[in-house]
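So the structure is just underneath, and the comments pick up after that.
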Amino acid sequence: MTRSRIEAALALLCWPALWLVYRQEDWWRAVLAPLAGPDQPVLYERIQLLDAAQSHVLIVLTAMAFVVVLGVPLAILATRTAGKPLLPLIANTATIGQTLPPIAVLFLVTPVVGFGPQAMMFALFTYGLMPTVQATLTGWREIDADVRRAAEGMGMGPWRQLLTVELPLALPGMLAGIRTSLILSVATASLAPITGGVSLGTPIVSGLAVDNASQVMEGALAVALLALCSDYSMRVLQRRLTPWRA
């Protein structure tokens with residue numbers, strides 16, 4: 001079995017393994033018990049960790065779907081001749097979304113969209129847009145002009161040149177931006193309980209409210225494991241989609 005196949009198998013297996021770890025409350029209780037104070041529950045008991053993880057992943061995937069579906073086409077549009085006038089607007093809008101603290105975005109959008117996971121999804125969308133847009137723009141800027149001229153000399157039209165020449169060359173940078181946005185979203189989704197959502201941050205917020213270190217660590221470790229699994233899976237996907245960069 002080749003290295004790439006082993007990596008792909010590990011990337012697939014890490015998810016059911018992670019879900020299995022989330023289900024083992026006895027393991028978590030044994031590890032975190034020394035951190036709990038007298039008469040304090042070791043784990044957050046109002047919702048199981050696995051259910052919180054599922055809600056966390058749903059929030060992140062929904063936000064990332066909008067980031068990819070809107071951010072990548074807008075960045076590509078800005079690289080076309082017809083879209084060049086929009087480049088400053090697109091780049092600056094994405095940058096503003098990144099500079100706003102997620103918690104500020106939450107408080108701004110909650111009166112509009114209401115309490116619940118949708119507020120967190122919107123905040124993650126604004127926060128994750130910039131890395132994806134900027135990485136896509138950078139990937140297109142780094143394409144050698146001679147490559148474009150060669151494609152035109154071969155008689156390629158704009159769409160064929162975009163799909164068969166420019167997109168493969170810009171893909172590594174674009175995927176790196178998406179991976180960055182994904183990891184930021186996994187971490188930031190921990191704020192979902194502030195607006196009434198459920199995520200792996202729920203034990204953290206609860207633990208901070210009652211000064212329970214074991215619950216804070218429960219959420220922190222769960223988020224860290226999810227981030228590691230997400231990062232590894234994205235790295236493997238990058239290598240599979242861009243084997244010439246391996």
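In the structure tokens, chains take the letters A, B, ... in the order shown, each chain's residues start at 1, and ligands count up from 1 in the order shown.
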Each stretch 19-41 of chain A residue no farther than 8 Å from stretch 217-223 of chain A, nearest pair in Å, only C-alpha atoms, as a tab-separated table:
```
residue	atom	partner	partner_atom	distance
A:Tyr22	CA	A:Ala222	CA	7.6
A:Trp28	CA	A:Glu218	CA	7.4
A:Leu32	CA	A:Glu218	CA	7.3
```
Restricting it to all heavy atoms, dump the selection as a tab-separated table (two decimals), in the first residue's frame.
```
chain	number	residue	atom	x	y	z
A	22	TYR	N	-15.63	10.55	21.43
A	22	TYR	CA	-16.64	11.45	22.00
A	22	TYR	C	-17.71	10.68	22.77
A	22	TYR	O	-18.29	11.20	23.73
A	22	TYR	CB	-17.30	12.28	20.90
A	22	TYR	CG	-16.45	13.40	20.35
A	22	TYR	CD1	-16.63	13.84	19.04
A	22	TYR	CD2	-15.49	14.03	21.13
A	22	TYR	CE1	-15.86	14.87	18.53
A	22	TYR	CE2	-14.72	15.06	20.62
A	22	TYR	CZ	-14.91	15.49	19.32
A	22	TYR	OH	-14.15	16.51	18.81
A	28	TRP	N	-13.60	10.09	29.42
A	28	TRP	CA	-13.49	11.52	29.69
A	28	TRP	C	-13.57	11.80	31.19
A	28	TRP	O	-12.81	12.62	31.72
A	28	TRP	CB	-14.59	12.29	28.96
A	28	TRP	CG	-14.40	12.34	27.49
A	28	TRP	CD1	-14.80	11.42	26.57
A	28	TRP	CD2	-13.74	13.37	26.74
A	28	TRP	NE1	-14.43	11.79	25.30
A	28	TRP	CE2	-13.79	12.99	25.37
A	28	TRP	CE3	-13.13	14.56	27.08
A	28	TRP	CZ2	-13.24	13.77	24.37
A	28	TRP	CZ3	-12.59	15.35	26.07
A	28	TRP	CH2	-12.64	14.95	24.74
A	32	LEU	N	-10.58	13.62	33.33
A	32	LEU	CA	-10.83	14.98	33.80
A	32	LEU	C	-11.19	15.07	35.28
A	32	LEU	O	-11.27	16.17	35.83
A	32	LEU	CB	-11.96	15.61	32.97
A	32	LEU	CG	-11.68	15.74	31.47
A	32	LEU	CD1	-12.92	16.24	30.74
A	32	LEU	CD2	-10.50	16.67	31.21
```
May I have all residues of stretch 135-166 of chain A that DSSP, computed from the backbone, assigns to alpha helix (DSSP H), given as a list in words?
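Restricting stretch 135-166 of chain A to alpha helix (DSSP H) produces Ala135, Thr136, Leu137, Thr138, Gly139, Trp140, Arg141, Ala145, Asp146, Val147, Arg148, Arg149, Ala150, Ala151, Glu152, Gly153, Pro158, Trp159, Arg160 and Gln161 of chain A.
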Write out as a list in words the residues lying within 7 Å of stretch 113-117 of chain A, counting only C-alpha atoms and excluding same-chain residues fewer than 3 positions away.
Ile59, Val109, Thr110, Met120, Met121, Ala192, Thr195, Gly196 and Gly197 of chain A
Can I get the selected residues back with N, CA, C and O atoms, as a PDB file, in the first residue's frame?
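Saved to selection-v8.pdb:
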```pdb
ATOM      1  N   ILE A  59     -22.660  23.388  12.180  1.00  0.00           N
ATOM      2  CA  ILE A  59     -22.469  24.843  12.107  1.00  0.00           C
ATOM      3  C   ILE A  59     -21.276  25.174  11.215  1.00  0.00           C
ATOM      4  O   ILE A  59     -21.351  26.046  10.336  1.00  0.00           O
ATOM      5  N   VAL A 109     -25.385  40.631  14.584  1.00  0.00           N
ATOM      6  CA  VAL A 109     -26.329  39.923  13.721  1.00  0.00           C
ATOM      7  C   VAL A 109     -27.445  39.235  14.497  1.00  0.00           C
ATOM      8  O   VAL A 109     -28.491  38.927  13.919  1.00  0.00           O
ATOM      9  N   THR A 110     -27.241  38.992  15.785  1.00  0.00           N
ATOM     10  CA  THR A 110     -28.272  38.285  16.560  1.00  0.00           C
ATOM     11  C   THR A 110     -29.618  38.991  16.535  1.00  0.00           C
ATOM     12  O   THR A 110     -30.658  38.334  16.369  1.00  0.00           O
ATOM     13  N   MET A 120     -24.211  32.160  14.630  1.00  0.00           N
ATOM     14  CA  MET A 120     -22.839  31.673  14.603  1.00  0.00           C
ATOM     15  C   MET A 120     -22.403  31.340  13.177  1.00  0.00           C
ATOM     16  O   MET A 120     -21.255  31.601  12.787  1.00  0.00           O
ATOM     17  N   MET A 121     -23.312  30.784  12.396  1.00  0.00           N
ATOM     18  CA  MET A 121     -22.986  30.481  11.004  1.00  0.00           C
ATOM     19  C   MET A 121     -22.619  31.739  10.239  1.00  0.00           C
ATOM     20  O   MET A 121     -21.655  31.761   9.465  1.00  0.00           O
ATOM     21  N   ALA A 192     -20.633  29.530  19.869  1.00  0.00           N
ATOM     22  CA  ALA A 192     -22.052  29.368  19.542  1.00  0.00           C
ATOM     23  C   ALA A 192     -22.980  29.446  20.750  1.00  0.00           C
ATOM     24  O   ALA A 192     -24.081  30.004  20.645  1.00  0.00           O
ATOM     25  N   THR A 195     -24.991  32.740  21.714  1.00  0.00           N
ATOM     26  CA  THR A 195     -26.231  33.144  21.046  1.00  0.00           C
ATOM     27  C   THR A 195     -27.276  32.030  21.064  1.00  0.00           C
ATOM     28  O   THR A 195     -28.178  32.016  20.234  1.00  0.00           O
ATOM     29  N   GLY A 196     -27.152  31.119  21.980  1.00  0.00           N
ATOM     30  CA  GLY A 196     -28.161  30.079  22.123  1.00  0.00           C
ATOM     31  C   GLY A 196     -27.938  28.854  21.282  1.00  0.00           C
ATOM     32  O   GLY A 196     -28.801  27.962  21.254  1.00  0.00           O
ATOM     33  N   GLY A 197     -26.802  28.751  20.595  1.00  0.00           N
ATOM     34  CA  GLY A 197     -26.489  27.554  19.825  1.00  0.00           C
ATOM     35  C   GLY A 197     -25.828  26.499  20.699  1.00  0.00           C
ATOM     36  O   GLY A 197     -25.454  26.757  21.843  1.00  0.00           O
TER      37      GLY A 197
END
```
Tell me, as a CSV table (one decimal) with all heavy atoms, in the first residue's frame, which residues lie within 10 Å of A:Ile47, counting only C-alpha atoms; anything in the same chain fewer than 5 positions away does not count.
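Output (result09.csv):
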```
chain,number,residue,atom,x,y,z
A,52,ALA,N,-23.1,17.4,21.0
A,52,ALA,CA,-22.5,18.8,20.9
A,52,ALA,C,-21.6,18.8,19.7
A,52,ALA,O,-21.5,19.8,18.9
A,52,ALA,CB,-21.8,19.1,22.2
A,198,VAL,N,-25.7,25.3,20.2
A,198,VAL,CA,-25.0,24.2,20.9
A,198,VAL,C,-23.8,23.8,20.1
A,198,VAL,O,-23.9,23.7,18.9
A,198,VAL,CB,-26.0,23.0,21.0
A,198,VAL,CG1,-25.2,21.8,21.6
A,198,VAL,CG2,-27.2,23.4,21.9
A,199,SER,N,-22.7,23.7,20.7
A,199,SER,CA,-21.4,23.3,20.1
A,199,SER,C,-20.5,22.7,21.2
A,199,SER,O,-20.9,22.6,22.3
A,199,SER,CB,-20.8,24.5,19.4
A,199,SER,OG,-20.2,25.4,20.4
A,202,THR,N,-20.1,24.6,24.4
A,202,THR,CA,-21.1,24.6,25.5
A,202,THR,C,-20.5,24.2,26.8
A,202,THR,O,-20.7,24.9,27.8
A,202,THR,CB,-22.3,23.7,25.1
A,202,THR,OG1,-22.8,24.1,23.9
A,202,THR,CG2,-23.3,23.7,26.2
A,203,PRO,N,-19.7,23.1,26.9
A,203,PRO,CA,-19.1,22.8,28.2
A,203,PRO,C,-18.1,23.9,28.7
A,203,PRO,O,-18.0,24.1,29.9
A,203,PRO,CB,-18.4,21.5,28.0
A,203,PRO,CG,-19.0,20.9,26.8
A,203,PRO,CD,-19.5,22.0,25.9
```
Between atom CA of A:Ala63 and atom CA of A:Phe125 - distance in Å to one decimal:
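Straight-line distance from atom CA of A:Phe125 to atom CA of A:Ala63 works out to 5.0 Å.
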Leaving out A:Val236 and any residue of its chain fewer than 3 positions from it, which residues lie within 8 Å of it when counting only C-alpha atoms, given as a PyMOL selection string?
chain A and resi 7-8+11+232-233+239-240
Can you write just those residues out, N, CA and C atoms, as a tab-separated table (two decimals), in the first residue's frame?
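This is the output file selection.tsv:
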```
chain	number	residue	atom	x	y	z
A	7	GLU	N	-2.42	7.45	3.89
A	7	GLU	CA	-2.88	8.74	4.39
A	7	GLU	C	-4.38	8.91	4.16
A	8	ALA	N	-4.86	8.50	2.98
A	8	ALA	CA	-6.29	8.61	2.70
A	8	ALA	C	-7.11	7.73	3.65
A	11	ALA	N	-7.18	9.39	7.03
A	11	ALA	CA	-8.06	10.56	7.02
A	11	ALA	C	-9.52	10.15	7.13
A	232	TYR	N	-5.83	17.50	9.45
A	232	TYR	CA	-5.19	16.35	8.79
A	232	TYR	C	-5.97	15.93	7.54
A	233	SER	N	-7.29	15.90	7.64
A	233	SER	CA	-8.10	15.50	6.50
A	233	SER	C	-7.94	16.47	5.34
A	239	ARG	N	-3.16	17.05	-0.86
A	239	ARG	CA	-2.16	16.23	-1.55
A	239	ARG	C	-2.80	15.35	-2.62
A	240	ARG	N	-4.02	14.88	-2.36
A	240	ARG	CA	-4.70	14.03	-3.34
A	240	ARG	C	-5.11	14.83	-4.57
```
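In this comparison, which uses only C-alpha atoms, the residue of A:Thr2, A:Ser214, A:Ser181, A:Gln48 approaching A:Leu61 most closely is A:Ser181.
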So that I can check the surroundings of A:Ala33, please list as number ranges by chain every protein, DNA and RNA residue that reaches within 12 Å of it, counting only C-alpha atoms and ignoring chain neighbours fewer than 6 positions away.
A: 25-27, 39-43, 212-215, 217-218
